[in-house]
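As stored in my_file.tsv (TSV, C-alpha atoms and all ligand atoms):
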```
chain	number	residue	atom	x	y	z
D	278	MET	CA	0.00	0.00	0.00
D	279	ASP	CA	1.03	3.54	-0.70
D	280	VAL	CA	-0.76	5.01	2.32
D	281	PRO	CA	1.17	5.83	5.50
D	282	THR	CA	0.66	3.40	8.38
D	283	GLN	CA	0.73	4.45	12.04
D	284	ALA	CA	4.43	3.61	12.16
D	285	HIS	CA	5.07	5.80	9.13
D	286	LEU	CA	3.09	8.63	10.67
D	287	LYS	CA	5.19	8.36	13.80
D	288	THR	CA	8.38	8.56	11.71
D	289	LEU	CA	7.03	11.50	9.76
D	290	ARG	CA	6.02	13.31	12.94
D	291	ASP	CA	9.53	12.79	14.31
D	292	LEU	CA	11.06	14.12	11.09
D	293	LEU	CA	8.80	17.17	11.22
D	294	GLY	CA	9.57	17.69	14.91
D	295	TYR	CA	13.33	17.65	14.33
D	296	ARG	CA	13.01	19.99	11.38
D	297	LEU	CA	10.86	22.35	13.44
D	298	VAL	CA	13.51	22.60	16.15
D	299	GLU	CA	16.23	23.07	13.53
D	300	LEU	CA	14.35	25.79	11.67
D	301	ARG	CA	13.45	27.66	14.84
D	302	ALA	CA	17.12	27.66	15.82
D	303	GLU	CA	18.12	28.92	12.36
D	304	VAL	CA	15.56	31.70	12.36
D	305	HIS	CA	16.59	32.67	15.86
D	306	ALA	CA	20.27	32.73	14.89
D	307	ALA	CA	19.46	34.87	11.85
D	308	GLU	CA	17.60	37.34	14.05
D	309	GLN	CA	20.54	37.56	16.44
D	310	GLU	CA	22.95	38.06	13.58
D	311	ARG	CA	20.85	40.85	12.12
D	312	GLN	CA	20.81	42.51	15.49
D	313	SER	CA	24.58	42.38	15.89
D	314	LEU	CA	25.08	43.62	12.30
D	315	GLY	CA	22.83	46.54	13.10
D	316	GLU	CA	24.81	47.33	16.21
D	317	ALA	CA	28.11	47.22	14.32
D	318	ALA	CA	26.70	49.65	11.75
D	319	ASP	CA	25.53	51.97	14.50
D	320	ALA	CA	28.98	52.01	15.98
D	321	GLY	CA	30.17	53.55	12.69
D	322	VAL	CA	33.46	51.71	12.57
D	323	SER	CA	33.25	50.36	9.02
D	324	ASP	CA	34.47	51.84	5.76
D	325	ARG	CA	32.58	51.80	2.47
D	326	LYS	CA	33.95	48.45	1.29
D	327	ASP	CA	32.85	46.87	4.54
D	328	GLU	CA	29.42	48.38	4.09
D	329	ALA	CA	29.01	46.91	0.61
D	330	MET	CA	30.13	43.50	1.80
D	331	LYS	CA	27.85	43.66	4.77
D	332	ALA	CA	24.88	44.71	2.65
D	333	GLN	CA	25.51	41.74	0.39
D	334	LEU	CA	25.82	39.37	3.30
D	335	SER	CA	22.70	40.60	4.99
D	336	ALA	CA	20.73	40.36	1.72
D	337	LEU	CA	21.84	36.77	1.46
D	338	SER	CA	20.99	35.90	5.01
D	339	ALA	CA	17.64	37.70	4.65
D	340	GLN	CA	16.84	35.40	1.74
D	341	GLN	CA	17.91	32.39	3.73
D	342	GLU	CA	15.88	33.56	6.69
D	343	GLU	CA	12.84	34.05	4.46
D	344	ARG	CA	13.19	30.50	3.13
D	345	ASP	CA	13.54	29.19	6.68
D	346	ARG	CA	10.41	31.06	7.75
D	347	ASP	CA	8.46	29.69	4.78
D	348	GLU	CA	9.56	26.17	5.57
D	349	LEU	CA	8.82	26.70	9.25
D	350	ARG	CA	5.25	27.64	8.35
D	351	GLU	CA	4.94	24.53	6.17
D	352	VAL	CA	6.31	22.27	8.88
D	353	GLU	CA	3.95	23.76	11.48
D	354	ALA	CA	1.02	23.33	9.12
D	355	ALA	CA	2.00	19.70	8.50
D	356	LEU	CA	2.14	19.04	12.25
D	357	ARG	CA	-1.34	20.56	12.61
D	358	ARG	CA	-2.59	18.29	9.84
D	359	LEU	CA	-1.07	15.34	11.68
D	360	ASP	CA	-2.98	16.36	14.80
D	361	SER	CA	-6.26	16.85	12.97
D	362	GLY	CA	-5.90	13.63	11.00
D	363	THR	CA	-5.84	15.25	7.57
D	364	TYR	CA	-2.12	14.72	7.09
D	365	GLY	CA	-1.12	13.13	3.81
D	366	ASP	CA	-4.10	14.38	1.81
D	367	CYS	CA	-3.33	16.71	-1.05
D	368	GLU	CA	-4.55	20.23	-0.26
D	369	SER	CA	-5.60	20.77	-3.85
D	370	CYS	CA	-7.13	17.52	-5.09
D	371	ALA	CA	-7.67	15.75	-1.72
D	372	GLU	CA	-6.04	12.58	-3.05
D	373	PRO	CA	-3.57	10.86	-0.72
D	374	ILE	CA	-0.01	12.08	-1.25
D	375	PRO	CA	2.20	9.05	-2.02
D	376	LEU	CA	4.15	7.87	1.00
D	377	LYS	CA	7.37	8.00	-0.99
D	378	ARG	CA	6.90	11.76	-1.46
D	379	LEU	CA	6.05	12.32	2.20
D	380	LEU	CA	9.16	10.51	3.38
D	381	VAL	CA	11.32	12.77	1.21
D	382	GLN	CA	9.31	15.90	1.99
D	383	PRO	CA	7.33	15.42	5.20
D	384	ALA	CA	5.92	18.95	5.04
D	385	ALA	CA	4.50	18.52	1.53
D	386	ALA	CA	0.93	19.82	1.42
D	387	ARG	CA	0.20	18.71	-2.13
D	388	CYS	CA	0.83	15.77	-4.41
D	389	ALA	CA	3.61	16.23	-6.95
D	390	GLY	CA	1.15	16.91	-9.77
D	391	CYS	CA	-0.71	19.68	-7.96
D	392	GLN	CA	2.52	21.20	-6.65
D	393	ALA	CA	3.97	21.32	-10.17
D	394	ARG	CA	0.79	22.94	-11.51
D	395	LEU	CA	0.84	25.46	-8.66
D	396	GLU	CA	4.42	26.44	-9.33
D	397	GLY	CA	3.89	26.58	-13.06
D	398	ALA	CA	7.44	25.74	-14.01
D	399	PRO	CA	10.24	24.05	-12.13
D	400	ARG	CA	12.10	26.56	-10.01
D	401	PHE	CA	15.83	26.61	-9.89
D	402	THR	CA	16.72	28.14	-6.57
D	403	SER	CA	20.26	28.27	-5.26
S	501	ZN	ZN	-3.11	16.80	-5.69
```

Exercise: express the given structure as structure tokens:
Amino acid sequence: MDVPTQAHLKTLRDLLGYRLVELRAEVHAAEQERQSLGEAADAGVSDRKDEAMKAQLSALSAQQEERDRDELREVEAALRRLDSGTYGDCESCAEPIPLKRLLVQPAAARCAGCQARLEGAPRFTS
């Protein structure tokens, strides 16, 4: 069968739980970093080259932070679906998401077909 059993659901919940902790730590670290960057800038000790480098770095980490926050939301939503018993159903077509996909991407809210349609074209990020 291609439908998650209780044991699978337990595994998936664990995976989501670990990822949640990881993502929260990453987002927290990013916030701290932004704070310390801000303080360094306030101190006015950097020259123009430093500023450019710092702006680039903070743009990068802002992107990373944004991705982390997005994923965090997805993971939280998946955990809520686990609690409410709707986990593993595609949000778009309500068909069960194949177990194979869930094990690779426990936070997936849609089957591969619906996700691809939603995104239009494959995205090439990073
Ligand atoms: Zn679907």

Write out as a Markdown table the residues of chain D that have any atom within 12 Å of an atom of ligand ZN 501 (chain S), one row each with the nearest atom pair and its distance in Å to one decimal, counting all atoms listed in the file, sorted by chain and then rising number.
```
| residue | atom | partner | partner_atom | distance |
| --- | --- | --- | --- | --- |
| D:Gly365 | CA | S:ZN501 | ZN | 10.4 |
| D:Asp366 | CA | S:ZN501 | ZN | 7.9 |
| D:Cys367 | CA | S:ZN501 | ZN | 4.6 |
| D:Glu368 | CA | S:ZN501 | ZN | 6.6 |
| D:Ser369 | CA | S:ZN501 | ZN | 5.0 |
| D:Cys370 | CA | S:ZN501 | ZN | 4.1 |
| D:Ala371 | CA | S:ZN501 | ZN | 6.1 |
| D:Glu372 | CA | S:ZN501 | ZN | 5.8 |
| D:Pro373 | CA | S:ZN501 | ZN | 7.8 |
| D:Ile374 | CA | S:ZN501 | ZN | 7.2 |
| D:Pro375 | CA | S:ZN501 | ZN | 10.1 |
| D:Arg378 | CA | S:ZN501 | ZN | 12.0 |
| D:Ala385 | CA | S:ZN501 | ZN | 10.6 |
| D:Ala386 | CA | S:ZN501 | ZN | 8.7 |
| D:Arg387 | CA | S:ZN501 | ZN | 5.2 |
| D:Cys388 | CA | S:ZN501 | ZN | 4.3 |
| D:Ala389 | CA | S:ZN501 | ZN | 6.9 |
| D:Gly390 | CA | S:ZN501 | ZN | 5.9 |
| D:Cys391 | CA | S:ZN501 | ZN | 4.4 |
| D:Gln392 | CA | S:ZN501 | ZN | 7.2 |
| D:Ala393 | CA | S:ZN501 | ZN | 9.5 |
| D:Arg394 | CA | S:ZN501 | ZN | 9.3 |
| D:Leu395 | CA | S:ZN501 | ZN | 10.0 |
```

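Take the candidates D:Leu297, D:Leu286, D:Val304, D:Leu379 and check each one against Glu342 (chain D) using all atoms listed in the file; the shortest distance goes to D:Val304.
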
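Within 12 Å of region 314-317 of chain D, once only C-alpha atoms are used and residues closer than 3 positions along the same chain are dropped, the contacting residues are Ala307, Glu308, Gln309, Glu310, Arg311, Ala320, Gly321, Val322, Ser323, Asp324, Asp327, Glu328, Met330, Lys331, Ala332, Leu334, Ser335, Ala336 and Ser338 of chain D.
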
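Take CA of Thr288 (chain D) and CA of Leu380 (chain D): the distance between them is 8.6 Å.
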
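If all atoms listed in the file are the atoms counted, then among D:Gly397, D:Val280, D:Ala384, D:Leu292 the closest residue to Glu353 (chain D) is D:Ala384.
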
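Note that CA of Glu303 (chain D) and CA of Asp345 (chain D) are 7.3 Å apart.
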
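The space between CA of Val381 (chain D) and CA of Arg344 (chain D) spans 17.9 Å.
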
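For the choices D:Gln312, D:Thr363, D:Gln382, D:Gln341, the atom-to-atom distance to Leu300 (chain D) is smallest for D:Gln341 when using only C-alpha atoms.
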
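Comparing D:Leu376, D:Ala354, D:Val298, D:Ala306 by their smallest distance to Ala339 (chain D), the closest is D:Ala306 (using only C-alpha atoms).
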
Quick one: residues within 12 Å of Lys287 (chain D), only C-alpha atoms counted, chain neighbours fewer than 6 positions away excluded, as a PDB file with C-alpha atoms, keeping the file's coordinate frame?
```pdb
ATOM      1  CA  PRO D 281       1.170   5.830   5.500  1.00  0.00           C
ATOM      2  CA  LEU D 293       8.800  17.170  11.220  1.00  0.00           C
ATOM      3  CA  GLY D 294       9.570  17.690  14.910  1.00  0.00           C
ATOM      4  CA  LEU D 356       2.140  19.040  12.250  1.00  0.00           C
ATOM      5  CA  LEU D 359      -1.070  15.340  11.680  1.00  0.00           C
ATOM      6  CA  ASP D 360      -2.980  16.360  14.800  1.00  0.00           C
ATOM      7  CA  TYR D 364      -2.120  14.720   7.090  1.00  0.00           C
ATOM      8  CA  LEU D 380       9.160  10.510   3.380  1.00  0.00           C
ATOM      9  CA  PRO D 383       7.330  15.420   5.200  1.00  0.00           C
TER      10      PRO D 383
END
```

Listed atoms of region 297-303 of chain D boxed along x, y and z, 5 Å each side, centre and edge lengths in Å, one decimal, as JSON:
```
{"center_x": 14.5, "center_y": 25.6, "center_z": 13.9, "size_x": 17.3, "size_y": 16.6, "size_z": 14.5}
```
